[in-house]
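One structure below.
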Amino acid sequence: MLVPVATWTSPMDRRRPSDMDEFLQIVAEPRPLRRMTRSPRIPLAPAQERMWHAAALGNSADWNVARAFRIRGAAVNISALSTAIEDVVRRHAPLRTCYPATANGPIQVVFDADVARVEVHVVDSFAGELEDRIAEFSADAFDLATDLPIRARVYRLGARDVVLALVVHHISLDGQSIGPLMRDLVTAYLARAARQAPVWTPLAVDYIDYTLWKHEYLGAYDDPGSRANAQLRYWANNLVGRPTPMELPYDHRAESSCGTKSSGPTPDAAGDLIQVHLDPALHRALHQRARKAGASMFMLLQTAFAIGVAAFASSPDVTVATAVSGRDDPLLADLVGNLADDVLMRIRLDRATDMTDLIDQVRRVALAAFANPDTSNPRLQRSLPQDPSHPLFQATLILQRADAAPPGAEPGGLSIAEIPTGVVRAKHDLEFGLTENYDHTGEPAGITGPFLYPMARFDRDTAVRFVEKFTATVELIASGYDGPIAPLISHTPRRRPRRTPRYRTTSH
């Protein structure tokens with residue numbers, strides 16, 4: 001089916017068409033996500049490209065995702081747990097996929113389930129050394145051309161107390177994969193412990209179906225009428241002329257290959273974090289401001305983030321990033337794989353007359369960014385007139401929502417809780433990973449999460465100053481402030497003294 005367009009033009013219409021005009025020209029209506037006919041060559045999904053290129057540059061380990069789960073209660077059957085991990089790898093193709101380079105670019109090669117084996121070593125340990133041991137286990141890079149992108153290890157603290165560490169390369173897993181991964185693992189473990197095979201609802205589509213469908217949906221970049229071409233044009237036009245890179249107040253600068261100081265990508269992603277907690281009262285006040293402004297909670301926090309970045313960079317024109325889940329279709333909800341990608345937001349604070357105007361600008365910029373989510377960072381970077389050694393963005397804020405789960409029975413008498421891994425990798429200069437929390441009645445229960453920063457760039461005092469700037473601006477927005485923006489960029493706004501602060505920061 002085709003979208004009809006007008007077949008006549010008046011003299012006033014004989015002009016260079018806008019992006020929207022071009023986008024509304026004849027474009028095939030997308031076919032729904034479905035099982036796809038397999039082709040001999042499976043390309044990467046757009047969301048995978050940035051990780052593959054980073055690995056090709058020698059930064060593969062920076063994209064290792066490490067998670068650890070403490071399992072207590074009933075005696076843990078290690079053999080059943082090992083077999084359950086293999087069951088999950090069999091069910092989810094990205095966990096048994098490698099990504100070799102070819103003459104026509106990187107591809108996905110899925111190992112047969114019968115040969116994709118994950119060795120699960122058992123190590124006797126004690127709680128005090130777990131973080132160091134898991135961090136060491138997580139540090140080794142995957143060779144994406146040949147390796148399975150998953151490793152597992154069990155740290156045995158006792159017969160009824162073990163820790164399962166999973167390390168998966170980000171090219172094969174995103175944050176929203178953890179839920180279905182752990183559900184399937186628990187299902188498989190309980191079945192194997194009972195000497196049965198797990199019984200799952202079959203997946204409606206798999207990751208290869210998603211990849212092929214996504215490429216069908218986007219079309220070719222060299223086709224002027226394709227969605228891929230339209231999205232690339234949007235980003236190229238939107239980002240032209242922006243300051244690159246932003247000059248942040250680095251305490252340390254990386255040495256470039258010519259011996260000069262560089263503000264490009266950080267060679268050492270070892271990071272530290274500061275835990276942030278915005279209390280329920282502040283959370284409720286933000287909700288009230290969001291309703292008044294016709295904006296979302298994310299848009300308010302992104303406004304405060306843009307102000308903080310602009311103040312630190314001494315620039316009223318900042319480009320920040322966030323992540324989109326890529327799981328709009330319900331058929332993707334139970335997939336393990338990497339569907340998430342970054343989108344950029346260029347905020348022009350010098351074009352906002354007051355706070356309400358800036359929030360409205362952020363709202364419009366965010367909606368436009370979310371409407372154009374499929375241009376990979378490497379492709380966009382090649383298309384922009386900028387030094388390729390400079391990153392597309394240096395600051396990112398991600399907001400997720402965690403609804404309170406009703407109390408339930410522990411599966412098979414087991415208590416399963418995620419624990420810290422001690423792994424902190426800061427791939428960007430300034431990075432918030434925040435979560436909205438709600439109680440069982442749906443009332444706001446606060447916003448929490450880490451601020452990450454690379455220790456090769458910033459001292460902790462500088463990082464704390466940025467977090468304080470951000471949280472002070474969040475408080476100002478929640479209070480209803482509607483004054484000018486310029487003073488907020490030039491200095492840190494003062495907070496009214498309180499007996500109990502509405503936010504707090506804690507060290508890692």
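How things are named: the first chain in the structure tokens is A, the next is B, and so on; residues count from 1 in each chain; ligands count from 1 in the order shown.
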Give me the residues within 12 Å of His53 of chain A as a JSON list (two decimals) with C-alpha atoms, in the first residue's frame, counting only C-alpha atoms and dropping any in the same chain fewer than 2 places off.
```json
[["chain", "number", "residue", "atom", "x", "y", "z"],
["A", 44, "LEU", "CA", 23.82, -6.61, 12.10],
["A", 46, "PRO", "CA", 21.22, -1.11, 13.67],
["A", 47, "ALA", "CA", 21.44, -1.27, 17.48],
["A", 48, "GLN", "CA", 24.43, -3.63, 17.25],
["A", 49, "GLU", "CA", 26.64, -1.55, 14.98],
["A", 50, "ARG", "CA", 28.16, 0.76, 17.60],
["A", 51, "MET", "CA", 29.27, -2.18, 19.79],
["A", 55, "ALA", "CA", 35.13, -3.94, 19.57],
["A", 56, "ALA", "CA", 36.93, -3.64, 16.22],
["A", 57, "LEU", "CA", 38.85, -0.67, 17.68],
["A", 58, "GLY", "CA", 39.97, -2.81, 20.63],
["A", 59, "ASN", "CA", 37.35, -1.67, 23.15],
["A", 60, "SER", "CA", 35.29, -4.87, 23.27],
["A", 63, "TRP", "CA", 30.79, -3.38, 26.42],
["A", 99, "TYR", "CA", 29.79, -11.49, 14.55],
["A", 100, "PRO", "CA", 32.62, -11.93, 12.04],
["A", 101, "ALA", "CA", 33.71, -9.30, 9.51],
["A", 105, "GLY", "CA", 30.55, -5.76, 6.42],
["A", 106, "PRO", "CA", 29.93, -7.61, 9.70],
["A", 144, "LEU", "CA", 33.10, -11.24, 18.59],
["A", 171, "ILE", "CA", 25.92, -6.67, 21.26],
["A", 376, "SER", "CA", 23.41, 3.97, 14.11],
["A", 377, "ASN", "CA", 26.13, 6.10, 15.68],
["A", 378, "PRO", "CA", 28.93, 4.85, 13.36],
["A", 379, "ARG", "CA", 26.91, 5.63, 10.23],
["A", 381, "GLN", "CA", 29.46, 9.86, 12.53]]
```
What are the DSSP alpha helix (DSSP H) residues of segment 178-252 of chain A, as a compact mmCIF listing (two decimals) with all heavy atoms, in the first residue's frame?
```txt
# COMPACT_ATOMS: atom_id res chain seq x y z
N ILE A 178 17.20 -8.53 30.64
CA ILE A 178 17.48 -9.21 31.91
C ILE A 178 16.23 -9.88 32.46
O ILE A 178 16.29 -11.01 32.99
CB ILE A 178 18.06 -8.22 32.93
CG1 ILE A 178 19.35 -7.59 32.40
CG2 ILE A 178 18.32 -8.91 34.27
CD1 ILE A 178 20.45 -8.57 32.11
N GLY A 179 15.07 -9.23 32.36
CA GLY A 179 13.83 -9.81 32.87
C GLY A 179 13.50 -11.15 32.22
O GLY A 179 13.38 -12.17 32.92
N PRO A 180 13.34 -11.21 30.89
CA PRO A 180 13.05 -12.51 30.27
C PRO A 180 14.17 -13.52 30.44
O PRO A 180 13.91 -14.73 30.55
CB PRO A 180 12.82 -12.16 28.79
CG PRO A 180 13.36 -10.78 28.60
CD PRO A 180 13.25 -10.10 29.92
N LEU A 181 15.41 -13.06 30.47
CA LEU A 181 16.53 -13.99 30.67
C LEU A 181 16.41 -14.69 32.01
O LEU A 181 16.52 -15.93 32.09
CB LEU A 181 17.85 -13.23 30.58
CG LEU A 181 19.12 -14.01 30.93
CD1 LEU A 181 19.35 -15.11 29.90
CD2 LEU A 181 20.33 -13.09 31.00
N MET A 182 16.16 -13.94 33.07
CA MET A 182 16.09 -14.56 34.39
C MET A 182 14.82 -15.38 34.57
O MET A 182 14.83 -16.44 35.21
CB MET A 182 16.20 -13.48 35.48
CG MET A 182 17.58 -12.84 35.57
SD MET A 182 18.92 -14.06 35.73
CE MET A 182 18.49 -14.82 37.30
N ARG A 183 13.71 -14.94 34.00
CA ARG A 183 12.48 -15.75 34.07
C ARG A 183 12.70 -17.10 33.41
O ARG A 183 12.33 -18.15 33.96
CB ARG A 183 11.32 -15.02 33.39
CG ARG A 183 10.75 -13.85 34.18
CD ARG A 183 9.38 -13.44 33.66
NE ARG A 183 9.41 -13.08 32.23
CZ ARG A 183 9.66 -11.86 31.77
NH1 ARG A 183 9.90 -10.87 32.63
NH2 ARG A 183 9.64 -11.60 30.48
N ASP A 184 13.32 -17.08 32.23
CA ASP A 184 13.55 -18.34 31.53
C ASP A 184 14.57 -19.20 32.27
O ASP A 184 14.45 -20.44 32.29
CB ASP A 184 14.04 -18.06 30.11
CG ASP A 184 12.93 -17.52 29.21
OD1 ASP A 184 11.76 -17.58 29.63
OD2 ASP A 184 13.23 -17.04 28.11
N LEU A 185 15.57 -18.58 32.89
CA LEU A 185 16.57 -19.35 33.61
C LEU A 185 15.95 -20.03 34.83
O LEU A 185 16.24 -21.21 35.12
CB LEU A 185 17.72 -18.43 34.03
CG LEU A 185 18.89 -19.10 34.75
CD1 LEU A 185 19.50 -20.20 33.88
CD2 LEU A 185 19.95 -18.07 35.11
N VAL A 186 15.09 -19.32 35.57
CA VAL A 186 14.43 -19.93 36.73
C VAL A 186 13.54 -21.08 36.28
O VAL A 186 13.53 -22.17 36.89
CB VAL A 186 13.63 -18.87 37.50
CG1 VAL A 186 12.73 -19.52 38.54
CG2 VAL A 186 14.56 -17.86 38.17
N THR A 187 12.78 -20.87 35.20
CA THR A 187 11.91 -21.93 34.69
C THR A 187 12.73 -23.16 34.31
O THR A 187 12.37 -24.31 34.65
CB THR A 187 11.14 -21.43 33.45
OG1 THR A 187 10.29 -20.34 33.83
CG2 THR A 187 10.29 -22.55 32.84
N ALA A 188 13.85 -22.94 33.63
CA ALA A 188 14.69 -24.06 33.21
C ALA A 188 15.32 -24.76 34.41
O ALA A 188 15.40 -26.00 34.45
CB ALA A 188 15.76 -23.57 32.25
N TYR A 189 15.77 -23.98 35.40
CA TYR A 189 16.41 -24.60 36.57
C TYR A 189 15.43 -25.48 37.34
O TYR A 189 15.76 -26.62 37.71
CB TYR A 189 16.97 -23.52 37.49
CG TYR A 189 17.46 -24.09 38.81
CD1 TYR A 189 18.67 -24.76 38.89
CD2 TYR A 189 16.68 -24.01 39.96
CE1 TYR A 189 19.11 -25.32 40.07
CE2 TYR A 189 17.09 -24.56 41.16
CZ TYR A 189 18.32 -25.22 41.22
OH TYR A 189 18.74 -25.78 42.38
N LEU A 190 14.22 -24.96 37.58
CA LEU A 190 13.24 -25.75 38.33
C LEU A 190 12.90 -27.03 37.59
O LEU A 190 12.72 -28.10 38.21
CB LEU A 190 11.99 -24.91 38.58
CG LEU A 190 12.17 -23.68 39.48
CD1 LEU A 190 10.87 -22.90 39.60
CD2 LEU A 190 12.67 -24.10 40.87
N ALA A 191 12.81 -26.95 36.25
CA ALA A 191 12.53 -28.16 35.48
C ALA A 191 13.69 -29.14 35.55
O ALA A 191 13.49 -30.34 35.78
CB ALA A 191 12.23 -27.77 34.03
N ARG A 192 14.91 -28.65 35.37
CA ARG A 192 16.08 -29.55 35.37
C ARG A 192 16.31 -30.15 36.76
O ARG A 192 16.74 -31.30 36.88
CB ARG A 192 17.31 -28.79 34.90
CG ARG A 192 17.27 -28.38 33.44
CD ARG A 192 17.14 -29.59 32.53
NE ARG A 192 17.10 -29.21 31.11
CZ ARG A 192 16.96 -30.07 30.12
NH1 ARG A 192 16.81 -31.37 30.37
NH2 ARG A 192 16.93 -29.65 28.87
N ALA A 193 16.04 -29.37 37.81
CA ALA A 193 16.17 -29.91 39.16
C ALA A 193 15.18 -31.04 39.40
O ALA A 193 15.43 -31.95 40.22
CB ALA A 193 15.98 -28.79 40.19
N TYR A 207 15.41 -13.08 17.25
CA TYR A 207 16.18 -11.87 16.98
C TYR A 207 16.54 -11.73 15.50
O TYR A 207 16.60 -10.61 14.98
CB TYR A 207 17.45 -11.85 17.84
CG TYR A 207 18.15 -10.51 17.83
CD1 TYR A 207 17.72 -9.48 18.66
CD2 TYR A 207 19.22 -10.27 16.97
CE1 TYR A 207 18.35 -8.24 18.65
CE2 TYR A 207 19.85 -9.04 16.96
CZ TYR A 207 19.41 -8.02 17.80
OH TYR A 207 20.03 -6.79 17.78
N ILE A 208 16.76 -12.83 14.82
CA ILE A 208 17.06 -12.76 13.40
C ILE A 208 15.84 -12.25 12.63
O ILE A 208 15.97 -11.45 11.69
CB ILE A 208 17.54 -14.13 12.86
CG1 ILE A 208 18.81 -14.57 13.60
CG2 ILE A 208 17.80 -14.05 11.37
CD1 ILE A 208 19.97 -13.59 13.49
N ASP A 209 14.64 -12.71 13.03
CA ASP A 209 13.43 -12.15 12.43
C ASP A 209 13.38 -10.64 12.62
O ASP A 209 13.08 -9.88 11.69
CB ASP A 209 12.18 -12.78 13.06
CG ASP A 209 12.05 -14.26 12.77
OD1 ASP A 209 12.32 -14.66 11.63
OD2 ASP A 209 11.67 -15.01 13.70
N TYR A 210 13.66 -10.21 13.84
CA TYR A 210 13.66 -8.77 14.13
C TYR A 210 14.66 -8.03 13.25
O TYR A 210 14.36 -6.97 12.68
CB TYR A 210 13.97 -8.53 15.62
CG TYR A 210 14.48 -7.14 15.91
CD1 TYR A 210 13.62 -6.06 15.98
CD2 TYR A 210 15.84 -6.92 16.10
CE1 TYR A 210 14.09 -4.78 16.23
CE2 TYR A 210 16.33 -5.65 16.36
CZ TYR A 210 15.45 -4.58 16.42
OH TYR A 210 15.92 -3.31 16.65
N THR A 211 15.88 -8.57 13.12
CA THR A 211 16.91 -7.91 12.32
C THR A 211 16.48 -7.77 10.87
O THR A 211 16.58 -6.67 10.28
CB THR A 211 18.23 -8.72 12.38
OG1 THR A 211 18.68 -8.80 13.73
CG2 THR A 211 19.30 -8.07 11.53
N LEU A 212 16.02 -8.84 10.27
CA LEU A 212 15.62 -8.80 8.87
C LEU A 212 14.42 -7.88 8.66
O LEU A 212 14.35 -7.14 7.67
CB LEU A 212 15.31 -10.21 8.37
CG LEU A 212 16.51 -11.17 8.35
CD1 LEU A 212 16.06 -12.58 7.99
CD2 LEU A 212 17.58 -10.68 7.39
N TRP A 213 13.48 -7.92 9.60
CA TRP A 213 12.33 -7.03 9.50
C TRP A 213 12.74 -5.58 9.63
O TRP A 213 12.24 -4.71 8.88
CB TRP A 213 11.31 -7.38 10.59
CG TRP A 213 10.21 -6.36 10.69
CD1 TRP A 213 9.09 -6.28 9.91
CD2 TRP A 213 10.15 -5.26 11.60
NE1 TRP A 213 8.33 -5.19 10.29
CE2 TRP A 213 8.96 -4.55 11.32
CE3 TRP A 213 10.97 -4.81 12.62
CZ2 TRP A 213 8.58 -3.41 12.03
CZ3 TRP A 213 10.61 -3.68 13.33
CH2 TRP A 213 9.43 -2.98 13.04
N LYS A 214 13.67 -5.28 10.53
CA LYS A 214 14.12 -3.90 10.71
C LYS A 214 14.76 -3.37 9.43
O LYS A 214 14.51 -2.22 9.03
CB LYS A 214 15.08 -3.82 11.89
CG LYS A 214 15.67 -2.44 12.14
CD LYS A 214 14.61 -1.43 12.52
CE LYS A 214 14.24 -1.51 13.97
NZ LYS A 214 13.35 -0.37 14.37
N HIS A 215 15.58 -4.19 8.78
CA HIS A 215 16.19 -3.75 7.53
C HIS A 215 15.15 -3.58 6.42
O HIS A 215 15.25 -2.66 5.61
CB HIS A 215 17.28 -4.73 7.11
CG HIS A 215 18.57 -4.55 7.86
ND1 HIS A 215 19.50 -3.59 7.52
CD2 HIS A 215 19.08 -5.17 8.96
CE1 HIS A 215 20.53 -3.64 8.36
NE2 HIS A 215 20.29 -4.59 9.24
N GLU A 216 14.15 -4.45 6.40
CA GLU A 216 13.06 -4.29 5.44
C GLU A 216 12.31 -2.99 5.70
O GLU A 216 11.97 -2.25 4.77
CB GLU A 216 12.10 -5.48 5.54
CG GLU A 216 10.87 -5.36 4.65
CD GLU A 216 9.85 -6.44 4.96
OE1 GLU A 216 9.06 -6.27 5.93
OE2 GLU A 216 9.82 -7.45 4.23
N TYR A 217 12.06 -2.71 6.97
CA TYR A 217 11.33 -1.51 7.35
C TYR A 217 12.10 -0.24 6.98
O TYR A 217 11.52 0.72 6.45
CB TYR A 217 11.07 -1.55 8.86
CG TYR A 217 10.57 -0.26 9.45
CD1 TYR A 217 9.23 0.08 9.39
CD2 TYR A 217 11.44 0.63 10.10
CE1 TYR A 217 8.76 1.28 9.93
CE2 TYR A 217 10.99 1.81 10.63
CZ TYR A 217 9.65 2.14 10.55
OH TYR A 217 9.20 3.32 11.08
N LEU A 218 13.41 -0.24 7.22
CA LEU A 218 14.20 0.97 6.98
C LEU A 218 14.52 1.16 5.51
O LEU A 218 14.60 2.29 5.03
CB LEU A 218 15.50 0.90 7.79
CG LEU A 218 15.36 1.05 9.30
CD1 LEU A 218 16.69 0.78 9.98
CD2 LEU A 218 14.83 2.43 9.66
N ARG A 227 13.02 5.07 4.64
CA ARG A 227 13.02 5.59 6.00
C ARG A 227 14.45 5.77 6.52
O ARG A 227 14.74 6.70 7.26
CB ARG A 227 12.24 4.66 6.92
CG ARG A 227 10.75 4.64 6.63
CD ARG A 227 10.00 3.61 7.48
NE ARG A 227 8.58 3.63 7.13
CZ ARG A 227 8.06 2.98 6.10
NH1 ARG A 227 8.84 2.25 5.32
NH2 ARG A 227 6.77 3.05 5.84
N ALA A 228 15.33 4.86 6.14
CA ALA A 228 16.72 4.98 6.56
C ALA A 228 17.31 6.30 6.06
O ALA A 228 17.98 7.02 6.81
CB ALA A 228 17.53 3.80 6.02
N ASN A 229 17.06 6.64 4.80
CA ASN A 229 17.59 7.87 4.23
C ASN A 229 16.96 9.09 4.89
O ASN A 229 17.65 10.07 5.20
CB ASN A 229 17.35 7.87 2.72
CG ASN A 229 18.03 9.02 2.02
OD1 ASN A 229 17.58 10.16 2.11
ND2 ASN A 229 19.12 8.73 1.32
N ALA A 230 15.65 9.04 5.13
CA ALA A 230 14.97 10.17 5.75
C ALA A 230 15.49 10.42 7.17
O ALA A 230 15.69 11.57 7.57
CB ALA A 230 13.46 9.91 5.77
N GLN A 231 15.71 9.34 7.94
CA GLN A 231 16.22 9.52 9.30
C GLN A 231 17.64 10.07 9.29
O GLN A 231 17.99 10.94 10.10
CB GLN A 231 16.15 8.20 10.06
CG GLN A 231 14.74 7.75 10.37
CD GLN A 231 14.68 6.63 11.39
OE1 GLN A 231 15.55 6.50 12.25
NE2 GLN A 231 13.65 5.81 11.32
N LEU A 232 18.47 9.57 8.37
CA LEU A 232 19.83 10.06 8.29
C LEU A 232 19.85 11.56 7.92
O LEU A 232 20.63 12.33 8.48
CB LEU A 232 20.62 9.25 7.27
CG LEU A 232 22.10 9.61 7.11
CD1 LEU A 232 22.85 9.45 8.42
CD2 LEU A 232 22.75 8.76 6.02
N ARG A 233 18.98 11.97 6.99
CA ARG A 233 18.90 13.39 6.64
C ARG A 233 18.46 14.23 7.83
O ARG A 233 18.95 15.34 8.04
CB ARG A 233 17.93 13.60 5.47
CG ARG A 233 18.43 13.10 4.14
CD ARG A 233 17.65 13.73 2.99
NE ARG A 233 16.22 13.64 3.16
CZ ARG A 233 15.48 12.60 2.80
NH1 ARG A 233 16.07 11.55 2.27
NH2 ARG A 233 14.18 12.60 2.97
N TYR A 234 17.50 13.70 8.61
CA TYR A 234 17.06 14.45 9.79
C TYR A 234 18.22 14.74 10.72
O TYR A 234 18.43 15.87 11.16
CB TYR A 234 15.96 13.68 10.54
CG TYR A 234 15.73 14.25 11.92
CD1 TYR A 234 14.96 15.39 12.10
CD2 TYR A 234 16.34 13.69 13.06
CE1 TYR A 234 14.78 15.96 13.35
CE2 TYR A 234 16.16 14.24 14.30
CZ TYR A 234 15.39 15.37 14.45
OH TYR A 234 15.23 15.93 15.70
N TRP A 235 19.01 13.70 11.03
CA TRP A 235 20.10 13.88 11.98
C TRP A 235 21.21 14.76 11.41
O TRP A 235 21.76 15.62 12.11
CB TRP A 235 20.67 12.52 12.39
CG TRP A 235 19.75 11.74 13.26
CD1 TRP A 235 19.12 10.58 12.97
CD2 TRP A 235 19.32 12.10 14.58
NE1 TRP A 235 18.33 10.19 14.02
CE2 TRP A 235 18.44 11.10 15.02
CE3 TRP A 235 19.59 13.18 15.42
CZ2 TRP A 235 17.82 11.14 16.26
CZ3 TRP A 235 18.99 13.22 16.66
CH2 TRP A 235 18.12 12.21 17.08
N ALA A 236 21.53 14.58 10.14
CA ALA A 236 22.58 15.39 9.54
C ALA A 236 22.20 16.87 9.55
O ALA A 236 23.04 17.74 9.84
CB ALA A 236 22.84 14.92 8.11
N ASN A 237 20.93 17.18 9.28
CA ASN A 237 20.50 18.57 9.29
C ASN A 237 20.40 19.12 10.70
O ASN A 237 20.72 20.28 10.97
CB ASN A 237 19.14 18.70 8.59
CG ASN A 237 19.21 18.44 7.11
OD1 ASN A 237 20.26 18.62 6.50
ND2 ASN A 237 18.10 18.02 6.51
N ASN A 238 19.95 18.28 11.63
CA ASN A 238 19.73 18.73 13.00
C ASN A 238 21.04 19.01 13.73
O ASN A 238 21.11 19.91 14.57
CB ASN A 238 18.92 17.68 13.76
CG ASN A 238 18.64 18.06 15.19
OD1 ASN A 238 19.36 17.67 16.10
ND2 ASN A 238 17.58 18.83 15.41
N LEU A 239 22.09 18.26 13.41
CA LEU A 239 23.33 18.34 14.18
C LEU A 239 24.40 19.21 13.54
O LEU A 239 25.45 19.44 14.15
CB LEU A 239 23.89 16.93 14.41
CG LEU A 239 22.98 15.97 15.19
CD1 LEU A 239 23.60 14.59 15.24
CD2 LEU A 239 22.70 16.49 16.59
```
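Across A:His440, A:His428, A:His283, A:Lys469, the tightest approach to Thr322 of chain A is made by A:His428 when counting only C-alpha atoms.
For the residues A:Val336, A:Asp161, A:Glu418, A:Ile485, ranking by smallest atom-to-atom distance to Ala306 of chain A using only C-alpha atoms places A:Ile485 first.
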Set the distance at 12 Å and use only C-alpha atoms: which residues neighbour Pro94 of chain A once local chain neighbours fewer than 4 positions away are removed? I'd like the list as number ranges by chain. A: 44-45, 48, 88-90, 98-99, 108-113, 116, 144, 147-150, 168-174, 177, 181, 206-211, 335-339
Counting only C-alpha atoms, the residue among A:Ala135, A:Ala290, A:Leu273, A:Ile85 that lies closest to Arg363 of chain A is A:Ala290
